[in-house]
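Colleague: This is the content of input35.csv (CSV, C-alpha atoms and all ligand atoms):
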```
chain,number,residue,atom,x,y,z
A,22,MET,CA,4.3,-27.5,63.9
A,23,PRO,CA,5.1,-25.8,60.6
A,24,ASP,CA,3.4,-22.9,58.9
A,25,ILE,CA,2.3,-24.2,55.5
A,26,GLY,CA,2.6,-22.6,52.1
A,27,LEU,CA,1.2,-23.5,48.7
A,28,LEU,CA,2.4,-22.1,45.4
A,29,ASN,CA,0.4,-23.0,42.2
A,30,GLY,CA,-0.7,-26.3,43.7
A,31,ASP,CA,2.5,-27.4,45.5
A,32,PHE,CA,2.6,-27.6,49.2
A,33,MET,CA,5.8,-26.6,51.1
A,34,PRO,CA,6.9,-25.1,54.4
A,35,LEU,CA,5.9,-21.5,54.4
A,36,ASP,CA,9.5,-20.3,54.7
A,37,ARG,CA,10.4,-22.1,51.5
A,38,LEU,CA,7.7,-20.4,49.5
A,39,MET,CA,9.3,-17.9,47.0
A,40,VAL,CA,7.6,-15.8,44.3
A,41,PRO,CA,9.6,-14.1,41.6
A,42,VAL,CA,10.3,-10.4,41.9
A,43,GLU,CA,8.4,-9.7,38.7
A,44,ASP,CA,5.2,-11.2,40.0
A,45,ARG,CA,2.6,-8.5,39.3
A,46,GLY,CA,1.3,-8.8,42.8
A,47,TYR,CA,4.6,-7.6,44.1
A,48,GLN,CA,5.2,-4.8,41.6
A,49,PHE,CA,1.6,-3.5,41.1
A,50,GLY,CA,-0.5,-5.0,43.8
A,51,ASP,CA,-2.2,-6.6,40.8
A,52,GLY,CA,-4.2,-9.3,42.6
A,53,VAL,CA,-6.9,-10.2,45.0
A,54,TYR,CA,-7.0,-12.1,48.3
A,55,GLU,CA,-9.1,-13.6,51.1
A,56,VAL,CA,-8.5,-14.3,54.8
A,57,ILE,CA,-10.4,-17.3,56.3
A,58,ARG,CA,-10.2,-18.5,59.8
A,59,THR,CA,-11.2,-21.9,61.3
A,60,TYR,CA,-13.6,-22.6,64.2
A,61,HIS,CA,-13.2,-26.1,65.7
A,62,GLY,CA,-10.6,-26.7,62.9
A,63,ALA,CA,-13.0,-26.2,60.0
A,64,PRO,CA,-12.7,-23.2,57.6
A,65,PHE,CA,-15.4,-20.7,58.5
A,66,GLN,CA,-17.8,-19.5,55.7
A,67,VAL,CA,-15.5,-21.0,53.1
A,68,GLU,CA,-18.2,-20.8,50.4
A,69,ALA,CA,-18.8,-17.1,51.0
A,70,HIS,CA,-15.0,-16.4,51.0
A,71,LEU,CA,-14.4,-18.3,47.7
A,72,ALA,CA,-17.4,-16.6,46.1
A,73,ARG,CA,-16.0,-13.2,47.1
A,74,LEU,CA,-12.5,-14.2,45.8
A,75,ASP,CA,-14.2,-15.1,42.5
A,76,ARG,CA,-16.1,-11.7,42.4
A,77,SER,CA,-12.9,-9.8,43.2
A,78,ALA,CA,-10.9,-11.6,40.5
A,79,ARG,CA,-13.6,-11.0,37.9
A,80,ALA,CA,-13.8,-7.3,38.8
A,81,ILE,CA,-10.1,-7.0,37.9
A,82,GLU,CA,-10.5,-9.2,34.8
A,83,LEU,CA,-8.4,-11.9,36.3
A,84,VAL,CA,-9.5,-15.4,35.4
A,85,SER,CA,-8.6,-17.9,38.0
A,86,PRO,CA,-7.2,-21.1,36.4
A,87,HIS,CA,-8.4,-23.0,39.5
A,88,ARG,CA,-11.9,-23.9,40.2
A,89,LEU,CA,-13.4,-23.0,43.5
A,90,GLU,CA,-13.5,-26.7,44.4
A,91,GLN,CA,-9.7,-26.8,43.9
A,92,TRP,CA,-9.2,-23.9,46.3
A,93,ARG,CA,-11.5,-25.6,48.8
A,94,GLN,CA,-9.4,-28.8,48.7
A,95,TRP,CA,-6.2,-26.8,49.1
A,96,ILE,CA,-7.6,-25.0,52.1
A,97,GLU,CA,-8.6,-28.3,53.8
A,98,GLU,CA,-5.3,-29.9,53.0
A,99,GLY,CA,-3.3,-26.9,54.2
A,100,ILE,CA,-5.2,-26.9,57.5
A,101,ARG,CA,-4.6,-30.6,57.9
A,102,ARG,CA,-0.9,-30.4,57.1
A,103,ALA,CA,-0.4,-27.4,59.5
A,104,GLY,CA,-2.1,-29.3,62.3
A,105,TYR,CA,-3.0,-26.2,64.4
A,106,GLY,CA,-6.0,-26.1,66.8
A,107,GLU,CA,-7.2,-23.0,64.9
A,108,SER,CA,-5.7,-21.7,61.7
A,109,LYS,CA,-5.7,-18.5,59.7
A,110,VAL,CA,-5.7,-19.2,56.0
A,111,TYR,CA,-4.6,-16.5,53.5
A,112,LEU,CA,-5.4,-17.0,49.8
A,113,GLN,CA,-3.9,-14.8,47.1
A,114,LEU,CA,-4.3,-14.8,43.4
A,115,THR,CA,-2.2,-12.4,41.3
A,116,ARG,CA,-2.1,-11.9,37.5
A,117,GLY,CA,1.3,-13.7,37.4
A,118,VAL,CA,4.9,-13.1,36.5
A,119,ALA,CA,5.8,-10.9,33.5
A,120,PRO,CA,8.3,-8.1,32.5
A,121,ARG,CA,7.1,-4.9,34.2
A,122,ASP,CA,4.5,-3.1,32.1
A,123,HIS,CA,1.3,-1.6,33.5
A,124,ALA,CA,-1.1,-3.1,30.9
A,125,PHE,CA,-1.9,-6.8,31.2
A,126,PRO,CA,0.6,-9.1,29.7
A,127,SER,CA,-0.9,-11.2,26.9
A,128,GLN,CA,0.4,-14.6,27.9
A,129,VAL,CA,0.6,-15.1,31.7
A,130,ARG,CA,-0.3,-17.7,34.2
A,131,PRO,CA,-1.9,-16.3,37.4
A,132,THR,CA,0.0,-17.1,40.6
A,133,ALA,CA,-2.0,-18.8,43.3
A,134,VAL,CA,-0.7,-18.7,46.8
A,135,LEU,CA,-2.1,-20.0,50.0
A,136,THR,CA,-0.6,-19.8,53.5
A,137,VAL,CA,-1.7,-21.4,56.8
A,138,ARG,CA,-0.6,-20.0,60.1
A,139,GLN,CA,-1.8,-20.5,63.6
A,140,MET,CA,-4.8,-18.3,64.4
A,141,MET,CA,-3.9,-15.6,66.9
A,142,GLU,CA,-7.1,-14.4,68.6
A,143,ILE,CA,-7.4,-10.8,69.7
A,144,ASN,CA,-6.6,-10.1,73.4
A,145,PRO,CA,-9.7,-11.5,75.2
A,146,ALA,CA,-9.6,-8.5,77.6
A,147,LEU,CA,-10.8,-6.3,74.7
A,148,ARG,CA,-14.1,-8.2,74.7
A,149,THR,CA,-14.9,-6.7,78.1
A,150,THR,CA,-13.2,-3.3,77.8
A,151,GLY,CA,-14.0,-2.6,74.2
A,152,VAL,CA,-11.6,-0.6,71.9
A,153,GLU,CA,-10.8,2.9,70.8
A,154,VAL,CA,-11.0,3.9,67.1
A,155,MET,CA,-9.5,6.8,65.3
A,156,THR,CA,-11.4,8.5,62.4
A,157,LEU,CA,-9.5,9.3,59.3
A,158,GLU,CA,-10.3,10.6,55.9
A,159,ASP,CA,-10.9,7.7,53.4
A,160,LEU,CA,-8.1,8.3,50.9
A,161,ARG,CA,-8.5,4.9,49.3
A,162,TRP,CA,-9.6,4.3,45.7
A,163,ALA,CA,-13.2,4.1,44.6
A,164,ARG,CA,-13.5,0.2,44.3
A,165,CYS,CA,-13.2,-0.8,48.0
A,166,ASP,CA,-15.7,-3.6,47.2
A,167,ILE,CA,-12.8,-5.5,45.5
A,168,LYS,CA,-10.6,-7.3,48.0
A,169,SER,CA,-7.5,-6.2,46.2
A,170,LEU,CA,-3.8,-6.4,47.3
A,171,ASN,CA,-3.6,-2.6,47.1
A,172,LEU,CA,-3.8,-2.0,50.8
A,173,LEU,CA,-1.6,1.0,51.3
A,174,GLY,CA,-4.5,3.3,52.3
A,175,ASN,CA,-5.5,0.7,54.9
A,176,VAL,CA,-1.9,0.2,56.0
A,177,MET,CA,-1.2,3.9,56.5
A,178,ALA,CA,-4.5,4.4,58.3
A,179,ARG,CA,-4.1,1.5,60.7
A,180,GLN,CA,-0.5,2.6,61.5
A,181,ARG,CA,-1.7,6.1,62.3
A,182,ALA,CA,-4.4,4.6,64.5
A,183,LYS,CA,-1.9,2.4,66.3
A,184,MET,CA,0.5,5.3,66.8
A,185,ALA,CA,-2.4,7.2,68.4
A,186,GLY,CA,-3.1,4.3,70.8
A,187,ALA,CA,-6.3,3.2,68.9
A,188,PHE,CA,-7.2,-0.3,67.9
A,189,GLU,CA,-8.7,0.5,64.5
A,190,ALA,CA,-8.9,3.3,61.9
A,191,ILE,CA,-12.4,4.2,60.8
A,192,PHE,CA,-12.6,5.8,57.3
A,193,VAL,CA,-14.8,8.8,56.6
A,194,ARG,CA,-15.5,9.8,53.0
A,195,ASN,CA,-17.4,13.1,52.4
A,196,ARG,CA,-18.7,13.2,56.0
A,197,GLU,CA,-19.9,9.6,55.7
A,198,VAL,CA,-18.5,6.7,57.6
A,199,THR,CA,-17.5,3.8,55.3
A,200,GLU,CA,-15.6,1.0,57.2
A,201,GLY,CA,-12.5,0.2,59.2
A,202,ALA,CA,-9.0,-0.6,57.8
A,203,VAL,CA,-9.6,-4.3,58.5
A,204,SER,CA,-13.3,-4.5,59.6
A,205,ASN,CA,-16.8,-3.2,58.9
A,206,VAL,CA,-18.5,-0.9,61.3
A,207,MET,CA,-22.0,-0.7,62.7
A,208,ILE,CA,-23.8,1.7,65.1
A,209,VAL,CA,-26.8,1.2,67.3
A,210,ARG,CA,-29.3,4.0,67.6
A,211,ASP,CA,-32.6,3.6,69.6
A,212,GLY,CA,-32.1,-0.2,69.6
A,213,VAL,CA,-31.7,-0.4,65.8
A,214,VAL,CA,-28.4,-1.6,64.2
A,215,ILE,CA,-27.3,0.6,61.3
A,216,THR,CA,-24.4,0.0,58.9
A,217,PRO,CA,-23.3,1.6,55.6
A,218,PRO,CA,-24.8,-0.1,52.6
A,219,GLU,CA,-22.9,-2.5,50.3
A,220,ASP,CA,-21.5,-0.4,47.5
A,221,HIS,CA,-18.1,0.5,46.0
A,222,ARG,CA,-17.0,2.3,49.1
A,223,ILE,CA,-16.8,-0.8,51.4
A,224,LEU,CA,-15.9,-4.4,51.4
A,225,ALA,CA,-19.1,-6.6,51.6
A,226,GLY,CA,-17.8,-8.3,54.8
A,227,ILE,CA,-18.9,-11.8,55.5
A,228,THR,CA,-19.1,-11.2,59.2
A,229,ARG,CA,-21.1,-8.1,58.5
A,230,ARG,CA,-23.7,-10.2,56.6
A,231,LEU,CA,-23.9,-12.9,59.4
A,232,VAL,CA,-24.3,-10.2,62.1
A,233,LEU,CA,-27.1,-8.4,60.2
A,234,ASP,CA,-28.9,-11.8,59.7
A,235,LEU,CA,-28.4,-12.7,63.4
A,236,ALA,CA,-29.8,-9.3,64.5
A,237,ARG,CA,-32.9,-9.8,62.3
A,238,LYS,CA,-33.3,-13.4,63.5
A,239,HIS,CA,-33.5,-12.2,67.1
A,240,GLY,CA,-35.9,-9.4,66.3
A,241,ILE,CA,-33.5,-6.5,66.3
A,242,GLY,CA,-34.0,-4.0,63.6
A,243,ALA,CA,-31.0,-3.9,61.1
A,244,ARG,CA,-30.8,-1.1,58.5
A,245,GLU,CA,-28.2,-0.7,55.7
A,246,ARG,CA,-28.0,3.0,55.1
A,247,VAL,CA,-25.6,5.9,55.1
A,248,VAL,CA,-24.0,6.6,58.5
A,249,THR,CA,-22.9,10.2,58.7
A,250,ALA,CA,-20.0,11.3,60.8
A,251,GLU,CA,-22.7,13.0,63.0
A,252,ASP,CA,-24.6,9.7,63.4
A,253,PHE,CA,-21.4,8.1,64.4
A,254,HIS,CA,-20.6,10.6,67.1
A,255,ARG,CA,-24.1,10.5,68.5
A,256,ALA,CA,-24.5,6.6,68.4
A,257,ASP,CA,-25.7,4.7,71.5
A,258,GLU,CA,-23.3,1.9,70.6
A,259,ILE,CA,-20.7,1.2,68.0
A,260,PHE,CA,-19.0,-2.1,67.1
A,261,LEU,CA,-16.7,-3.6,64.5
A,262,THR,CA,-17.3,-6.9,62.6
A,263,GLY,CA,-14.7,-9.0,60.7
A,264,THR,CA,-13.0,-12.3,60.5
A,265,THR,CA,-10.4,-11.4,63.0
A,266,VAL,CA,-12.5,-9.1,65.4
A,267,GLU,CA,-15.7,-11.1,65.1
A,268,VAL,CA,-18.0,-8.6,67.0
A,269,LEU,CA,-16.0,-6.1,68.9
A,270,ALA,CA,-17.4,-3.1,70.9
A,271,VAL,CA,-16.0,0.4,70.2
A,272,VAL,CA,-16.0,2.5,73.4
A,273,ARG,CA,-14.0,5.6,72.4
A,274,ILE,CA,-13.8,7.6,69.2
A,275,ASP,CA,-10.8,9.9,68.9
A,276,GLY,CA,-10.4,9.9,72.6
A,277,LYS,CA,-14.1,10.7,73.4
A,278,PRO,CA,-16.3,8.0,75.0
A,279,VAL,CA,-19.2,6.5,73.1
A,280,LYS,CA,-22.1,7.1,75.6
A,281,THR,CA,-21.1,5.3,78.9
A,282,GLY,CA,-17.6,4.4,77.5
A,283,ARG,CA,-18.5,0.7,78.0
A,284,PRO,CA,-19.6,-2.0,75.6
A,285,GLY,CA,-23.3,-1.6,75.1
A,286,PRO,CA,-26.1,-4.2,75.5
A,287,VAL,CA,-26.9,-4.7,71.9
A,288,THR,CA,-23.3,-5.2,71.0
A,289,SER,CA,-22.9,-7.7,73.8
A,290,GLN,CA,-26.0,-9.6,72.8
A,291,LEU,CA,-24.8,-9.8,69.2
A,292,PHE,CA,-21.4,-11.1,70.3
A,293,ASN,CA,-23.1,-13.7,72.5
A,294,TRP,CA,-25.4,-14.8,69.7
A,295,PHE,CA,-22.5,-15.0,67.3
A,296,ALA,CA,-20.5,-17.1,69.8
A,297,ASP,CA,-23.5,-19.4,70.4
A,298,GLU,CA,-23.9,-19.9,66.7
A,299,TYR,CA,-20.3,-20.3,65.6
A,300,LEU,CA,-17.7,-20.2,68.4
A,301,ARG,CA,-18.8,-22.5,71.1
A,302,PRO,CA,-17.9,-26.2,70.7
A,303,THR,CA,-20.8,-28.2,69.3
A,304,GLY,CA,-19.9,-31.1,71.6
B,1,LIG,N1,-10.0,-8.0,56.3
B,1,LIG,N2,-13.4,-4.3,55.5
B,1,LIG,C1,-12.1,-4.4,55.2
B,1,LIG,C2,-11.4,-3.3,54.6
B,1,LIG,C3,-11.4,-5.6,55.5
B,1,LIG,O1,-10.1,-5.7,55.2
B,1,LIG,C4,-12.1,-6.7,56.1
B,1,LIG,C5,-11.4,-8.0,56.4
B,1,LIG,C6,-13.4,-6.5,56.4
B,1,LIG,C7,-14.3,-7.6,57.1
B,1,LIG,O2,-14.6,-8.6,56.2
B,1,LIG,P1,-14.9,-10.1,56.7
B,1,LIG,O3,-16.0,-10.0,57.7
B,1,LIG,O4,-15.3,-10.8,55.4
B,1,LIG,O5,-13.6,-10.6,57.3
B,1,LIG,C8,-14.0,-5.3,56.1
B,1,LIG,C9,-9.2,-9.2,56.5
B,1,LIG,C10,-9.5,-9.9,57.8
B,1,LIG,C11,-7.8,-8.8,56.3
B,1,LIG,O6,-7.5,-8.0,55.4
B,1,LIG,O7,-6.9,-9.2,57.1
```
Show this structure as structure tokens.
Ligand code: PDD
Modeller:
Amino acid sequence: MPDIGLLNGDFMPLDRLMVPVEDRGYQFGDGVYEVIRTYHGAPFQVEAHLARLDRSARAIELVSPHRLEQWRQWIEEGIRRAGYGESKVYLQLTRGVAPRDHAFPSQVRPTAVLTVRQMMEINPALRTTGVEVMTLEDLRWARCDIKSLNLLGNVMARQRAKMAGAFEAIFVRNREVTEGAVSNVMIVRDGVVITPPEDHRILAGITRRLVLDLARKHGIGARERVVTAEDFHRADEIFLTGTTVEVLAVVRIDGKPVKTGRPGPVTSQLFNWFADEYLRPTG
């Protein structure tokens, strides 16, 4: 089955999708994106992802020529054409193709790209073992709330983590934990879930919001407040949230175990509630 691409409304096999070298996404990272996965073949939280794409685009003064409904139709059509059991859909909107100049070109048509690939789940063994993370100074820019294509800070951090044998990099800015390179992060202290607040330092993760709502629905306290590096190192439990990781226990930080070194009970509960609500077949 083919991977599917879409360029400005035209579907094609992904390996035929070409964008000119002067696309501003390529030369400046001047664009925004989303990653959406399917469950049971249907795009998950598509409304929330499209709303965030719209917010990110507005934040960089990029006006999408396509309505959200159009994007939604492309997503559905791309998933149908690819025909995978579960798909990973990537959406990207850049300012368009123009001679290289930092300031915005006056007449330019934004480039809309969509790709559909088979969803590769993370290794299921990690659900039982949990993962290690590496803490790193957050060297990214000051608008991490925008899901922009400028991912070099995230790329360098994740690579450093990988080289150190860790699954994810966790950013620390001024002694405060912000988020992971591809995920949000939460700690559990005395049975309460705590995660950094939504501000310019983190991406307002869609999984993050669902998990906070699930915790509250099941009577677990959930606070959005600053998590210091000290809180992080003294946490009873730590876990990651995100489209690709869902809810994933962190059992080691920089080589040192988090409490018992095993996934904690609140994390496991939250993963099970998440799975009950969204992952398990509805029959
Ligand atoms: N990343 N924080 C960052 C920096 C991210 O890149 C992501 C997701 C998240 C989690 O957000 P959500 O729950 O909405 O997926 C948090 C995607 C998967 C990526 O860039 O591949």
Colleague: Kindly compile the residues surrounding ligand LIG 1 (chain B) within 9 Å, counting all atoms listed in the file, and format them as an MDAnalysis selection string.
Modeller: chainID A and resid 54:58 69:70 73 111 165:166 168 172 175 200:206 223:231 261:267
Colleague: Using all atoms listed in the file, which of A:Asp122, A:Glu82, A:Glu90, A:Asp36 sits nearest Ile167 (chain A)?
Modeller: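 Using all atoms listed in the file, the shortest distance to Ile167 (chain A) belongs to A:Glu82.
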Colleague: Any idea what's packed within 9 Å of Pro120 (chain A), counting only C-alpha atoms, ignoring anything in its chain fewer than 6 positions away? Could you give it as a ChimeraX atom specification?
Modeller: /A:43-45,126
Colleague: Expressed in Å to a single decimal, how great is the separation between CA of Phe49 (chain A) and CA of Arg130 (chain A)?
Modeller: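 It comes out at 15.9 Å.
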Colleague: What is the distance between CA of Asp252 (chain A) and CA of Arg210 (chain A), in Å to one decimal?
Modeller: 8.5 Å
Colleague: So which one's closest to Leu269 (chain A), A:Asp24, A:Glu98, A:Asp159, A:Glu153? Using all atoms listed in the file, please.
Modeller: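 Ranked by minimum distance to Leu269 (chain A), first place goes to A:Glu153.
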Colleague: Give me the residues near Val248 (chain A) as a ChimeraX atom specification, where near means some atom within 9 Å (using only C-alpha atoms) and where sequence neighbours in that chain fewer than 2 positions away do not count.
Modeller: /A:196-199,207-208,215-218,245-246,250-253
Colleague: To one decimal place in Å, what is the distance between CA of Leu135 (chain A) and CA of Thr59 (chain A)?
Modeller: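 Between CA of Leu135 (chain A) and CA of Thr59 (chain A) the gap works out to 14.6 Å.
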Colleague: So, with only C-alpha atoms as the atoms that count, which of A:Gly151, A:Pro41, A:Gly117, A:Gly106 lies closest to Gly282 (chain A)?
Modeller: A:Gly151
Colleague: Neighbours of region 288-303 of chain A within 9 Å (all atoms listed in the file; same-chain residues fewer than 4 positions away dropped), as a list in words?
Modeller: Tyr60, His61, Phe65, Arg148, Val209, Leu231, Val232, Leu235, Ala236, His239, Glu258, Ile259, Phe260, Glu267, Val268, Leu269, Ala270 and Pro284 of chain A
Colleague: Tell me which of A:Ala182, A:Val118, A:Leu160, A:Ala63 sits closest to Val42 (chain A), counting all atoms listed in the file.
Modeller: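 Of A:Ala182, A:Val118, A:Leu160, A:Ala63, the one nearest Val42 (chain A) is A:Val118, counting all atoms listed in the file.
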Colleague: Select, from A:Gly50, A:Val84, A:Arg102, A:Leu114, the residue with the minimum atom-to-atom distance to Asn29 (chain A), counting only C-alpha atoms.
Modeller: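 Ranked by minimum distance to Asn29 (chain A), first place goes to A:Leu114.
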Colleague: If you take only C-alpha atoms and a cut-off of 10 Å, which residues of region 73-173 of chain A touch region 183-191 of chain A, and what are their nearest atom pairs and distances in Å to one decimal, in chain and number order, as JSON lines?
Modeller:
```
{"residue": "A:Leu147", "atom": "CA", "partner": "A:Phe188", "partner_atom": "CA", "distance": 9.8}
{"residue": "A:Gly151", "atom": "CA", "partner": "A:Phe188", "partner_atom": "CA", "distance": 9.6}
{"residue": "A:Val152", "atom": "CA", "partner": "A:Phe188", "partner_atom": "CA", "distance": 6.0}
{"residue": "A:Glu153", "atom": "CA", "partner": "A:Ala187", "partner_atom": "CA", "distance": 4.9}
{"residue": "A:Val154", "atom": "CA", "partner": "A:Glu189", "partner_atom": "CA", "distance": 4.9}
{"residue": "A:Met155", "atom": "CA", "partner": "A:Ala190", "partner_atom": "CA", "distance": 4.9}
{"residue": "A:Thr156", "atom": "CA", "partner": "A:Ile191", "partner_atom": "CA", "distance": 4.7}
{"residue": "A:Leu157", "atom": "CA", "partner": "A:Ile191", "partner_atom": "CA", "distance": 6.1}
{"residue": "A:Glu158", "atom": "CA", "partner": "A:Ile191", "partner_atom": "CA", "distance": 8.3}
{"residue": "A:Asp159", "atom": "CA", "partner": "A:Ile191", "partner_atom": "CA", "distance": 8.3}
```
Colleague: With distances taken over all atoms listed in the file, which of A:Thr249, A:Ser85, A:Gln66, A:Ser77 is nearest to Arg194 (chain A)?
Modeller: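 Under the stated criterion, the closest residue is A:Thr249.
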